[in-house]
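Participant: Mind looking over this structure? Questions follow.
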2 protein chains.
Amino acid sequence: MTSDLRRRVAQLLVVRGSGHWSDGQRRYPRWELPNAELQRLLEAGVGGVILLGGSAAELRLRTDQLRRWADGPLLLCADVEEGVGQRFEGASWLVPPLAVGRLYGRDPQRAVDLAGRYGRCTGRQARLLGLNWVLGPVCDVNNNPANPVINVRAWGEDPATAGALAAAFVQGCQGAGVLACAKHFPGHGDTSTDSHLELPLLPHSRARLEAVELPPFRAAIAAGVAAVMTAHLQLPALDPERPATLSAAVLEGLLRRDLGFSGLVVTDALVMEAIAGRYGAAEAAVLAFGAGADLILMPADADAAIDGLVAALASGRIAMARLEESLARREQALAGLGDAPLEPVDVALDGLVSAEEQALSRELLELSLEQAQTPTPVLAAGPGVNLIRLDTALNGPFLPAMAPALLRPAAAGYGACLIEGRSPSPWSGDPAAPLALERLPAGPVLLQLFVRGNPFRGSAGGDEPWPAALAQLLAADRLAGLAVYGSPYLWERLRPLVPAGIPAAFSPGQMPQAQAVLLERLGLAAAALEGGFTD
Amino acid sequence: MTSDLRRRVAQLLVVRGSGHWSDGQRRYPRWELPNAELQRLLEAGVGGVILLGGSAAELRLRTDQLRRWADGPLLLCADVEEGVGQRFEGASWLVPPLAVGRLYGRDPQRAVDLAGRYGRCTGRQARLLGLNWVLGPVCDVNNNPANPVINVRAWGEDPATAGALAAAFVQGCQGAGVLACAKHFPGHGDTSTDSHLELPLLPHSRARLEAVELPPFRAAIAAGVAAVMTAHLQLPALDPERPATLSAAVLEGLLRRDLGFSGLVVTDALVMEAIAGRYGAAEAAVLAFGAGADLILMPADADAAIDGLVAALASGRIAMARLEESLARREQALAGLGDAPLEPVDVALDGLVSAEEQALSRELLELSLEQAQTPTPVLAAGPGVNLIRLDTALNGPFLPAMAPALLRPAAAGYGACLIEGRSPSPWSGDPAAPLALERLPAGPVLLQLFVRGNPFRGSAGGDEPWPAALAQLLAADRLAGLAVYGSPYLWERLRPLVPAGIPAAFSPGQMPQAQAVLLERLGLAAAALEGGFTD
């Protein structure tokens with residue numbers, strides 16, 4: 001009886017594993033359960049796994065393995081907001097959604113079409129690799145350019161854009177036979193702190209929420225989104241006490257009653273400091289479930305969460321009917337997926353990236369260049385310095401040793417100088433001439449900035465004095481060119497500073513294909529070592 | 001008839017592919033054939049593939065795929081001299097062979113036993129992943145510490161050590177049902193240039209070769225090694241004209257006749273500049289085959305190599321009997337492997353690293369610490385600087401973001417400062433005080449140097465003024481500790497400079513497990529984020 005209750009409660013949990021086969025390959029062993037633990041939990045009835053890391057091929061082996069370990073049908077999900085290739089190499093890695101959002105004002109029909117194909121591509125590839133749940137679209141409205149955690153992950157900077165495109169994504173993704181998930185309810189776009197690190201506060205009234213934050217969620221719900229993920233945000237206007245994830249006013253009141261959502265409500269990762277640090281593993285799960293969440297994502301301790309939930313149900317603190325409701329919703333979502341068998345591994349991998357999806361990747365990459373109507377002058381031949389700023393050089397998926405951003409400038413005579421978060425300082429301390437030029441090789445400088453908001457990592461270099469550095473290079477007659485990858489906000493600050501005769505371009509993407517497309521525009525064709533990037 | 005000849009000639013080729021499933025995942029697209037090309041060549045009869053990159057799990061899928069594409073039995077090989085995990089993550093990555101070589105003088109029996117287990121581990125794991133040929137052991141005697149390309153890859157610094165341990169490796173590896181390969185004949189240990197970049201010259205007499213270079217090859221041949229790989233070296237005493245790879249005097253004369261080797265002779269990669277740059281793809285293959293090589297590794301152009309060989313055979317420039325001999329040797333080597341079916345993928349991956357092999361990894365890591373008898377003082381608590389020198393931060397397999405070399409010092413208050421080949425310069429230009437300390441964060445410095453000889457990359461920082469930098473830090477009372485990973489030669493130069501009260505340690509390995517073992521000795525226990533490295 002209690003053991004049966006434990007198994008049923010366990011179904012509500014979504015624990016974290018790595019997409020790699022073996023424990024030693026885990027990139028975040030603190031958070032990714034080792035295999036023995038994962039297998040034990042799945043055998044005990046745990047109902048879902050969120051996966052991160054590993055290649056597409058390995059992920060497919062991994063999802064097969066997890067299904068073998070599981071007691072019943074599993075929810076297998078991943079944070080693949082920017083295409084499955086964002087997390088699993090070999091699948092399509094698309095430019096961040098905001099690039100499509102920027103198109104919407106000029107050409108809404110094309111933007112909606114692209115968002116739909118974006119969702120279909122993500123859903124189809126997720127399914128081929130054995131996932132059945134995509135943790136996207138982001139429905140947050142990025143109306144705060146300083147937002148360190150949402151930023152270019154959002155589909156729009158205004159409610160109408162974000163709503164139309166998120167809805168199209170949902171239809172595309174779920175049309176491919178995979179569940180989607182609108183996040184982070186009721187809206188994480190207007191924050192300037194990272195909820196991975198602390199609990200942000202959103203001081204807005206209900207009326208303001210109705211006007212700005214909620215419309216994209218309404219649109220996603222109208223499009224039939226299967227799940228909604230809660231935000232770790234304090235919203236005093238709705239609940240003076242508890243963050244949204246743990247608030248009945250937000251989940252039962254606003255989301256279920258007022259917005260009429262009848263699908264799965266899943267918490268954001270409970271292990272995040274904003275929740276785990278305050279409430280503990282068991283109590284956080286109990287509070288979230290009690291407030292109306294159906295699924296508990298990444299509890300800080302899965303066994304403690306199960307214990308806590310079992311105790312709360314057994315004692316009557318939470319009504320048993322709540323468990324029945326949540327299990328029924330979970331079952332219904334799974335039933336909606338159908339039971340078509342997965343393709344065999346080699347068929348799935350050979351067909352992973354379709355020709356249409358390759359065309360989509362390319363079209364998205366060329367979007368932002370199309371939007372810059374002015375032709376760009378060509379980079380002058382070196383010798384010179386290829387000065388690259390990136391967040392971290394370690395494990396950065398977008399800068400392999402043979403990346404176009406390294407090879408193409410090298411072929412033109414520009415030797416690379418890499419600045420990452422932990423490099424010896426390139427800064428002089430002089431605000432008027434912030435770059436310590438004597439620490440860099442001599443010659444004209446091609447400046448390539450890989451900057452975007454990233455969870456856990458703040459602005460990742462975006463708050464460094466790049467405008468002053470640009471002015472300094474210009475004054476010294478040493479600016480050869482500028483490339484910005486990622487943040488349109490940084491680009492918009494720097495672009496006006498660059499004279500017309502100097503090549504400058506922006507790509508919302510940071511991946512090698514984005515570099516190739518951008519550098520092509522600066523007159524740098526494929527380098528010999530580079531080979532082709534065919535997907 | 002000609003088409004039949006083409007197919008038979010094609011069997012002699014070993015072309016290069018990546019261990020990744022899709023073209024876009026290739027790390028070296030200039031050298032790794034795209035899948036369409038690889039499939040076409042295998043269908044046309046090409047008989048072997050050398051693989052690099054990808055995880056163990058993905059490699060196993062990949063070798064299955066290549067076998068499906070192939071016309072007949074394939075030779076599938078990889079440069080896994082330091083365990084399969086050196087190239088394919090998830091398998092065992094062992095410390096470089098020279099660490100075992102250093103033990104031989106004190107305890108030959110234990111060293112031979114370790115080398116045998118090292119070979120067995122490598123062969124067994126290679127086989128589980130679908131490889132049937134390990135391109136090792138290195139039989140070169142590393143009697144030149146400045147050797148940029150062999151260095152710690154060698155099993156010894158004297159002929160007897162290298163021979164005894166290479167032979168043990170061969171027996172272990174081939175006992176596991178996988179072919180081994182002694183390289184680089186007739187001996188690449190006494191060179192100070194990298195044959196990947198130019199053609200080194202070995203000015204030694206035949207008598208000297210008999211005394212130093214040849215004994216390890218004799219030992220490997222006596223142990224039954226299935227293949228020998230040629231070196232791209234000029235040896236004027238044996239052949240005034242052609243490098244060893246293309247020399248009948250070396251291959252037919254020295255190797256087959258004098259050393260009595262009757263197995264497979266394979267060239268080193270013909271695409272290497274020392275050969276491809278001088279002779280062209282077709283002529284290099286014809287010269288190598290004409291000189292006595294059986295297999296042609298990585299021709300610069302596979303079709304051109306086949307064309308050239310077919311023409312040479314058809315015209316009588318090379319006797320048809322040579323082709324029959326080489327094909328017969330290839331067939332015999334394959335027949336020696338038996339025809340036991342491969343384990344299913346999940347069984348193979350679950351059993352990839354045995355408990356005995358985990359113990360071997362650990363024992364090898366602890367070897368060099370055992371050899372340093374003196375106890376090491378413990379690192380003082382920070383705040384301080386964790387100054388890390390590594391060859392390249394991009395794609396470096398040994399420094400993931402959660403590496404012990406980053407996390408453990410961080411937990412003790414030492415913030416990382418990374419210097420890699422392309423960082424802003426940390427050097428002042430003053431030979432007496434070479435480090436520009438004002439570019440580094442303040443505080444005592446834990447210096448961690450990841451330096452070893454690496455093909456293509458020269459000394460990778462080993463020739464920087466680290467002795468003077470160490471003296472500078474000591475004079476400023478800022479040296480907190482020293483860790484050297486990789487080169488025993490650098491360690492031997494630096495160790496005497498560090499006073500007894502300051503912690504200092506060396507590991508021949510650079511992988512995360514090596515960092516964990518070394519830092520443990522400096523009193524830094526596992527950091528919370530790190531999790532376990534269980535393989």
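Every chain in the structure tokens takes a letter, A first, then B, and so on in the order presented; its residues are numbered from 1, and the ligands are numbered from 1 following the presented order.
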Give the strand (DSSP E or B) residues of region 58-97 of chain A, as DSSP finds them on the backbone, and put them as a tab-separated table (two decimals) with all heavy atoms, in the first residue's frame.
Facilitator:
chain	number	residue	atom	x	y	z
A	75	LEU	N	8.66	9.93	-19.44
A	75	LEU	CA	8.81	11.23	-20.06
A	75	LEU	C	10.31	11.51	-20.17
A	75	LEU	O	11.02	11.53	-19.16
A	75	LEU	CB	8.15	12.32	-19.20
A	75	LEU	CG	6.62	12.37	-19.29
A	75	LEU	CD1	6.06	13.25	-18.17
A	75	LEU	CD2	6.16	12.89	-20.65
A	76	LEU	N	10.78	11.69	-21.41
A	76	LEU	CA	12.20	11.97	-21.61
A	76	LEU	C	12.32	13.33	-22.27
A	76	LEU	O	11.86	13.53	-23.40
A	76	LEU	CB	12.83	10.87	-22.48
A	76	LEU	CG	12.92	9.51	-21.80
A	76	LEU	CD1	13.39	8.43	-22.78
A	76	LEU	CD2	13.84	9.56	-20.59
A	77	CYS	N	12.91	14.27	-21.55
A	77	CYS	CA	12.88	15.65	-22.02
A	77	CYS	C	14.27	16.27	-22.03
A	77	CYS	O	15.22	15.73	-21.48
A	77	CYS	CB	11.96	16.47	-21.13
A	77	CYS	SG	12.46	16.53	-19.40
A	78	ALA	N	14.37	17.40	-22.71
A	78	ALA	CA	15.63	18.14	-22.75
A	78	ALA	C	15.35	19.61	-23.05
A	78	ALA	O	14.36	19.94	-23.69
A	78	ALA	CB	16.56	17.56	-23.81
A	89	GLU	N	25.11	17.18	-30.16
A	89	GLU	CA	25.82	17.43	-31.40
A	89	GLU	C	25.47	16.42	-32.49
A	89	GLU	O	25.43	15.22	-32.24
A	89	GLU	CB	27.33	17.38	-31.13
A	89	GLU	CG	28.15	17.94	-32.26
A	89	GLU	CD	29.61	17.61	-32.10
A	89	GLU	OE1	29.91	16.41	-31.94
A	89	GLU	OE2	30.42	18.52	-32.14
A	91	ALA	N	22.64	16.94	-34.37
A	91	ALA	CA	21.29	17.39	-34.74
A	91	ALA	C	21.37	18.88	-35.13
A	91	ALA	O	22.43	19.49	-35.05
A	91	ALA	CB	20.34	17.18	-33.56
Participant: Which residues are near region 269-281 of chain A? Cut-off 8 Å, only C-alpha atoms, ignore same chain within fewer than 4 positions. Put them as a ChimeraX atom specification.
Facilitator: /A:195-199,232,285,296-302,304-305
Participant: Next, dump the selected residues to file, keeping only N, CA, C and O atoms, as a PDB file, in the first residue's frame.
Facilitator:
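Writing done, so here's result_7.pdb:
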ATOM      1  N   SER A 195      17.658  33.569 -11.907  1.00  0.00           N
ATOM      2  CA  SER A 195      17.008  32.752 -10.882  1.00  0.00           C
ATOM      3  C   SER A 195      17.777  31.465 -10.605  1.00  0.00           C
ATOM      4  O   SER A 195      17.465  30.745  -9.666  1.00  0.00           O
ATOM      5  N   HIS A 196      18.800  31.161 -11.445  1.00  0.00           N
ATOM      6  CA  HIS A 196      19.658  30.035 -11.106  1.00  0.00           C
ATOM      7  C   HIS A 196      20.478  30.360  -9.866  1.00  0.00           C
ATOM      8  O   HIS A 196      20.937  29.479  -9.171  1.00  0.00           O
ATOM      9  N   LEU A 197      20.655  31.652  -9.613  1.00  0.00           N
ATOM     10  CA  LEU A 197      21.540  32.068  -8.529  1.00  0.00           C
ATOM     11  C   LEU A 197      20.775  32.695  -7.363  1.00  0.00           C
ATOM     12  O   LEU A 197      21.119  32.498  -6.219  1.00  0.00           O
ATOM     13  N   GLU A 198      19.752  33.473  -7.664  1.00  0.00           N
ATOM     14  CA  GLU A 198      18.935  34.044  -6.579  1.00  0.00           C
ATOM     15  C   GLU A 198      17.496  34.200  -7.068  1.00  0.00           C
ATOM     16  O   GLU A 198      17.193  33.958  -8.226  1.00  0.00           O
ATOM     17  N   LEU A 199      16.617  34.611  -6.172  1.00  0.00           N
ATOM     18  CA  LEU A 199      15.203  34.669  -6.497  1.00  0.00           C
ATOM     19  C   LEU A 199      14.840  36.077  -6.970  1.00  0.00           C
ATOM     20  O   LEU A 199      14.814  37.009  -6.174  1.00  0.00           O
ATOM     21  N   HIS A 232      10.813  30.500 -11.103  1.00  0.00           N
ATOM     22  CA  HIS A 232      11.225  30.773  -9.724  1.00  0.00           C
ATOM     23  C   HIS A 232      11.330  32.291  -9.560  1.00  0.00           C
ATOM     24  O   HIS A 232      12.417  32.874  -9.636  1.00  0.00           O
ATOM     25  N   ALA A 285       9.321  20.157  -2.845  1.00  0.00           N
ATOM     26  CA  ALA A 285       8.473  19.293  -3.672  1.00  0.00           C
ATOM     27  C   ALA A 285       7.041  19.299  -3.156  1.00  0.00           C
ATOM     28  O   ALA A 285       6.080  19.377  -3.935  1.00  0.00           O
ATOM     29  N   ILE A 296       7.502  17.288 -10.778  1.00  0.00           N
ATOM     30  CA  ILE A 296       8.564  17.885  -9.971  1.00  0.00           C
ATOM     31  C   ILE A 296       9.871  17.690 -10.723  1.00  0.00           C
ATOM     32  O   ILE A 296      10.387  16.577 -10.811  1.00  0.00           O
ATOM     33  N   LEU A 297      10.427  18.797 -11.231  1.00  0.00           N
ATOM     34  CA  LEU A 297      11.640  18.695 -12.049  1.00  0.00           C
ATOM     35  C   LEU A 297      12.886  18.867 -11.192  1.00  0.00           C
ATOM     36  O   LEU A 297      13.009  19.840 -10.438  1.00  0.00           O
ATOM     37  N   MET A 298      13.809  17.924 -11.358  1.00  0.00           N
ATOM     38  CA  MET A 298      15.111  18.007 -10.684  1.00  0.00           C
ATOM     39  C   MET A 298      15.023  18.395  -9.224  1.00  0.00           C
ATOM     40  O   MET A 298      15.564  19.419  -8.807  1.00  0.00           O
ATOM     41  N   PRO A 299      14.370  17.564  -8.423  1.00  0.00           N
ATOM     42  CA  PRO A 299      14.411  17.834  -6.984  1.00  0.00           C
ATOM     43  C   PRO A 299      15.855  17.705  -6.516  1.00  0.00           C
ATOM     44  O   PRO A 299      16.631  16.944  -7.089  1.00  0.00           O
ATOM     45  N   ALA A 300      16.203  18.473  -5.493  1.00  0.00           N
ATOM     46  CA  ALA A 300      17.576  18.436  -4.992  1.00  0.00           C
ATOM     47  C   ALA A 300      17.930  17.031  -4.487  1.00  0.00           C
ATOM     48  O   ALA A 300      19.083  16.632  -4.499  1.00  0.00           O
ATOM     49  N   ASP A 301      16.926  16.281  -4.074  1.00  0.00           N
ATOM     50  CA  ASP A 301      17.142  14.909  -3.602  1.00  0.00           C
ATOM     51  C   ASP A 301      15.865  14.128  -3.911  1.00  0.00           C
ATOM     52  O   ASP A 301      14.815  14.359  -3.290  1.00  0.00           O
ATOM     53  N   ALA A 302      15.946  13.201  -4.863  1.00  0.00           N
ATOM     54  CA  ALA A 302      14.735  12.526  -5.344  1.00  0.00           C
ATOM     55  C   ALA A 302      14.080  11.696  -4.238  1.00  0.00           C
ATOM     56  O   ALA A 302      12.856  11.704  -4.087  1.00  0.00           O
ATOM     57  N   ALA A 304      14.245  12.092  -0.996  1.00  0.00           N
ATOM     58  CA  ALA A 304      13.630  12.983  -0.011  1.00  0.00           C
ATOM     59  C   ALA A 304      12.329  13.568  -0.549  1.00  0.00           C
ATOM     60  O   ALA A 304      11.341  13.697   0.190  1.00  0.00           O
ATOM     61  N   ALA A 305      12.315  13.910  -1.835  1.00  0.00           N
ATOM     62  CA  ALA A 305      11.096  14.460  -2.424  1.00  0.00           C
ATOM     63  C   ALA A 305       9.965  13.431  -2.382  1.00  0.00           C
ATOM     64  O   ALA A 305       8.825  13.746  -2.039  1.00  0.00           O
TER      65      ALA A 305
END
Participant: Counting only C-alpha atoms, which residues of chain A come no farther than 8 Å from chain B, as a PyMOL selection string?
Facilitator: chain A and resi 21-25+27-30+55+57-58+61+65+89-90+346+349+393-396+399-402+416-419+422-426+439-440+528-535
Participant: Output N, CA and C atoms of each residue in that selection to a file, as a CSV table (one decimal), in the first residue's frame.
Facilitator:
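Everything below was put into result.csv:
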chain,number,residue,atom,x,y,z
A,21,TRP,N,26.6,7.8,-22.1
A,21,TRP,CA,26.4,6.5,-21.6
A,21,TRP,C,27.0,6.2,-20.2
A,22,SER,N,28.2,6.7,-20.0
A,22,SER,CA,28.9,6.2,-18.8
A,22,SER,C,29.1,7.4,-17.8
A,23,ASP,N,29.2,7.0,-16.5
A,23,ASP,CA,29.3,8.0,-15.5
A,23,ASP,C,30.5,9.0,-15.6
A,24,GLY,N,31.6,8.4,-16.1
A,24,GLY,CA,32.8,9.2,-16.2
A,24,GLY,C,32.7,10.3,-17.3
A,25,GLN,N,31.7,10.2,-18.2
A,25,GLN,CA,31.6,11.2,-19.2
A,25,GLN,C,30.7,12.4,-18.8
A,27,ARG,N,29.3,15.8,-17.6
A,27,ARG,CA,29.9,17.1,-17.5
A,27,ARG,C,29.6,17.8,-16.2
A,28,TYR,N,28.5,17.4,-15.6
A,28,TYR,CA,28.0,18.1,-14.4
A,28,TYR,C,27.7,17.0,-13.3
A,29,PRO,N,28.7,16.3,-12.9
A,29,PRO,CA,28.4,15.1,-12.0
A,29,PRO,C,27.7,15.5,-10.7
A,30,ARG,N,27.8,16.8,-10.3
A,30,ARG,CA,27.0,17.2,-9.1
A,30,ARG,C,25.5,17.1,-9.3
A,55,SER,N,26.4,13.4,-27.7
A,55,SER,CA,26.0,13.6,-29.1
A,55,SER,C,24.6,13.0,-29.4
A,57,ALA,N,23.9,10.7,-31.5
A,57,ALA,CA,24.0,9.3,-31.6
A,57,ALA,C,24.0,8.6,-30.2
A,58,GLU,N,24.8,9.2,-29.4
A,58,GLU,CA,24.8,8.6,-28.0
A,58,GLU,C,23.5,8.8,-27.3
A,61,LEU,N,21.1,6.0,-28.0
A,61,LEU,CA,21.5,4.8,-27.3
A,61,LEU,C,21.0,5.0,-25.8
A,65,GLN,N,18.3,2.9,-23.4
A,65,GLN,CA,18.8,2.4,-22.2
A,65,GLN,C,17.9,2.8,-21.0
A,89,GLU,N,25.1,17.2,-30.2
A,89,GLU,CA,25.8,17.4,-31.4
A,89,GLU,C,25.5,16.4,-32.5
A,90,GLY,N,25.2,16.9,-33.7
A,90,GLY,CA,24.9,16.1,-34.8
A,90,GLY,C,23.5,16.4,-35.3
A,346,ASP,N,20.1,3.2,-36.7
A,346,ASP,CA,20.8,3.7,-37.8
A,346,ASP,C,19.9,4.4,-38.8
A,349,LEU,N,19.4,7.9,-37.2
A,349,LEU,CA,20.5,8.8,-37.2
A,349,LEU,C,20.8,9.2,-38.7
A,393,ALA,N,36.5,29.2,-23.0
A,393,ALA,CA,37.1,28.4,-24.0
A,393,ALA,C,36.9,26.9,-23.8
A,394,LEU,N,36.7,26.6,-22.5
A,394,LEU,CA,36.6,25.2,-22.1
A,394,LEU,C,35.2,24.6,-22.5
A,395,ASN,N,35.2,23.5,-23.3
A,395,ASN,CA,33.9,22.9,-23.6
A,395,ASN,C,33.0,23.8,-24.4
A,396,GLY,N,33.5,24.9,-24.9
A,396,GLY,CA,32.6,25.8,-25.7
A,396,GLY,C,32.2,25.0,-27.0
A,399,LEU,N,33.2,26.9,-30.6
A,399,LEU,CA,34.6,27.2,-31.1
A,399,LEU,C,35.5,26.0,-31.1
A,400,PRO,N,35.2,25.0,-31.9
A,400,PRO,CA,36.2,23.9,-32.0
A,400,PRO,C,37.5,24.5,-32.7
A,401,ALA,N,38.5,23.7,-32.6
A,401,ALA,CA,39.8,24.1,-33.1
A,401,ALA,C,39.8,24.5,-34.5
A,402,MET,N,38.9,23.9,-35.3
A,402,MET,CA,38.8,24.2,-36.7
A,402,MET,C,37.6,25.1,-37.1
A,416,ALA,N,45.1,34.4,-34.1
A,416,ALA,CA,44.1,34.5,-33.0
A,416,ALA,C,44.7,34.9,-31.7
A,417,CYS,N,44.0,35.7,-31.0
A,417,CYS,CA,44.3,36.0,-29.6
A,417,CYS,C,42.9,35.8,-28.9
A,418,LEU,N,42.9,34.8,-28.0
A,418,LEU,CA,41.6,34.5,-27.3
A,418,LEU,C,41.5,35.1,-25.9
A,419,ILE,N,40.5,35.8,-25.7
A,419,ILE,CA,40.2,36.3,-24.3
A,419,ILE,C,39.0,35.6,-23.8
A,422,ARG,N,38.7,33.7,-17.9
A,422,ARG,CA,39.8,33.5,-17.0
A,422,ARG,C,41.2,33.8,-17.6
A,423,SER,N,41.2,34.5,-18.7
A,423,SER,CA,42.5,34.9,-19.3
A,423,SER,C,43.3,35.9,-18.5
A,424,PRO,N,44.6,36.0,-18.7
A,424,PRO,CA,45.3,37.1,-18.2
A,424,PRO,C,44.6,38.4,-18.7
A,425,SER,N,44.5,39.4,-17.8
A,425,SER,CA,43.7,40.5,-18.2
A,425,SER,C,44.2,41.3,-19.4
A,426,PRO,N,43.3,41.6,-20.4
A,426,PRO,CA,43.6,42.4,-21.5
A,426,PRO,C,43.3,43.9,-21.2
A,439,ARG,N,49.7,44.0,-24.6
A,439,ARG,CA,49.6,42.5,-24.3
A,439,ARG,C,49.2,41.7,-25.5
A,440,LEU,N,48.8,42.4,-26.6
A,440,LEU,CA,48.3,41.7,-27.8
A,440,LEU,C,49.4,41.8,-28.9
A,528,ALA,N,41.0,26.1,-46.1
A,528,ALA,CA,41.3,24.8,-46.6
A,528,ALA,C,41.0,23.7,-45.5
A,529,LEU,N,41.4,24.0,-44.3
A,529,LEU,CA,41.3,23.0,-43.2
A,529,LEU,C,39.9,22.8,-42.7
A,530,GLU,N,39.0,23.7,-43.1
A,530,GLU,CA,37.7,23.7,-42.5
A,530,GLU,C,36.8,22.6,-43.0
A,531,GLY,N,36.9,22.3,-44.3
A,531,GLY,CA,36.0,21.3,-44.9
A,531,GLY,C,34.7,22.0,-45.0
A,532,GLY,N,33.7,21.2,-45.1
A,532,GLY,CA,32.3,21.7,-45.2
A,532,GLY,C,31.6,21.5,-43.9
A,533,PHE,N,30.7,22.4,-43.7
A,533,PHE,CA,29.8,22.2,-42.5
A,533,PHE,C,28.4,21.8,-43.1
A,534,THR,N,28.1,20.6,-43.2
A,534,THR,CA,27.0,20.2,-44.0
A,534,THR,C,25.7,20.0,-43.1
A,535,ASP,N,25.8,20.1,-41.8
A,535,ASP,CA,24.6,20.3,-41.1
A,535,ASP,C,24.7,21.0,-39.8
Participant: Got a sec: who's within 10 Å of Ser262 (chain A), counting only C-alpha atoms, leaving out chain neighbours fewer than 4 positions off, as a ChimeraX atom specification?
Facilitator: /A:221,224-228,255-257,329
Participant: Mind giving me the straight-line distance from CA of Ala288 (chain B) to CA of Thr193 (chain B) in Å, one decimal?
Facilitator: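 CA of Thr193 (chain B) lies 22.0 Å from CA of Ala288 (chain B).
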Participant: Report, in Å with one decimal, the straight-line distance from CA of Thr376 (chain A) to CA of Pro467 (chain A).
Facilitator: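 Rounded to one decimal, the two atoms are 19.8 Å apart.
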Participant: I'd like the neighbourhood of Pro108 (chain A) as a VMD selection string, where a residue qualifies if any of its atoms comes within 12 Å (using only C-alpha atoms), though same-chain residues fewer than 2 positions away should be ignored.
Facilitator: chain A and resid 100 to 106 110 to 115 156 160 to 165 168
Participant: Using the chain letters and numbers from this document, which residues of region 320-463 of chain B does DSSP assign to alpha helix (DSSP H), as a ChimeraX atom specification?
Facilitator: /B:320-335,345-350,355-371,404-411
Participant: Excluding Gly175 (chain B) and residues on its chain fewer than 4 positions from it, collect all residues at most 10 Å away from it, counting only C-alpha atoms, and give them as number ranges by chain.
Facilitator: B: 116, 119-120, 123-124, 169-171, 179-180, 337
Participant: What's the separation between CA of Val451 (chain B) and CA of Pro383 (chain B), in Å to one decimal place?
Facilitator: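 Interatomic distance, CA of Val451 (chain B) to CA of Pro383 (chain B): 25.4 Å.
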Participant: Can you tell me which residues surround Leu214 (chain B) at a distance of at most 8 Å, considering only C-alpha atoms, apart from same-chain residues fewer than 3 positions away, and format the answer as an mmCIF file with N, CA, C and O atoms, in the first residue's frame?
Facilitator:
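Generated file (around00.cif):
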data_model
loop_
_atom_site.group_PDB
_atom_site.id
_atom_site.type_symbol
_atom_site.label_atom_id
_atom_site.label_comp_id
_atom_site.auth_asym_id
_atom_site.auth_seq_id
_atom_site.Cartn_x
_atom_site.Cartn_y
_atom_site.Cartn_z
ATOM 1 N N PRO B 159 66.842 0.940 -24.991
ATOM 2 C CA PRO B 159 66.301 -0.131 -25.847
ATOM 3 C C PRO B 159 65.711 -1.304 -25.069
ATOM 4 O O PRO B 159 64.663 -1.839 -25.448
ATOM 5 N N PRO B 186 62.242 2.643 -38.720
ATOM 6 C CA PRO B 186 63.090 1.888 -37.780
ATOM 7 C C PRO B 186 63.396 2.621 -36.486
ATOM 8 O O PRO B 186 64.331 2.229 -35.798
ATOM 9 N N GLY B 187 62.600 3.653 -36.123
ATOM 10 C CA GLY B 187 62.863 4.298 -34.827
ATOM 11 C C GLY B 187 62.838 5.808 -34.929
ATOM 12 O O GLY B 187 63.621 6.407 -35.645
ATOM 13 N N LEU B 209 72.022 1.854 -35.093
ATOM 14 C CA LEU B 209 70.615 1.423 -35.166
ATOM 15 C C LEU B 209 70.447 0.069 -34.486
ATOM 16 O O LEU B 209 69.496 -0.146 -33.726
ATOM 17 N N GLU B 210 71.385 -0.850 -34.754
ATOM 18 C CA GLU B 210 71.318 -2.183 -34.140
ATOM 19 C C GLU B 210 71.363 -2.076 -32.623
ATOM 20 O O GLU B 210 70.689 -2.813 -31.919
ATOM 21 N N ALA B 211 72.139 -1.101 -32.136
ATOM 22 C CA ALA B 211 72.326 -0.985 -30.688
ATOM 23 C C ALA B 211 71.151 -0.297 -30.003
ATOM 24 O O ALA B 211 70.758 -0.674 -28.899
ATOM 25 N N PHE B 217 61.894 -3.149 -31.794
ATOM 26 C CA PHE B 217 61.152 -3.759 -32.905
ATOM 27 C C PHE B 217 61.403 -5.262 -32.954
ATOM 28 O O PHE B 217 60.476 -6.049 -33.159
ATOM 29 N N ARG B 218 62.647 -5.662 -32.726
ATOM 30 C CA ARG B 218 62.931 -7.097 -32.660
ATOM 31 C C ARG B 218 62.084 -7.750 -31.566
ATOM 32 O O ARG B 218 61.540 -8.836 -31.740
#
Participant: For Pro404 (chain B), find every residue with an atom within 6 Å (counting only C-alpha atoms), except residues of its own chain fewer than 4 positions away, and show them as a VMD selection string.
Facilitator: chain B and resid 408 515 to 516
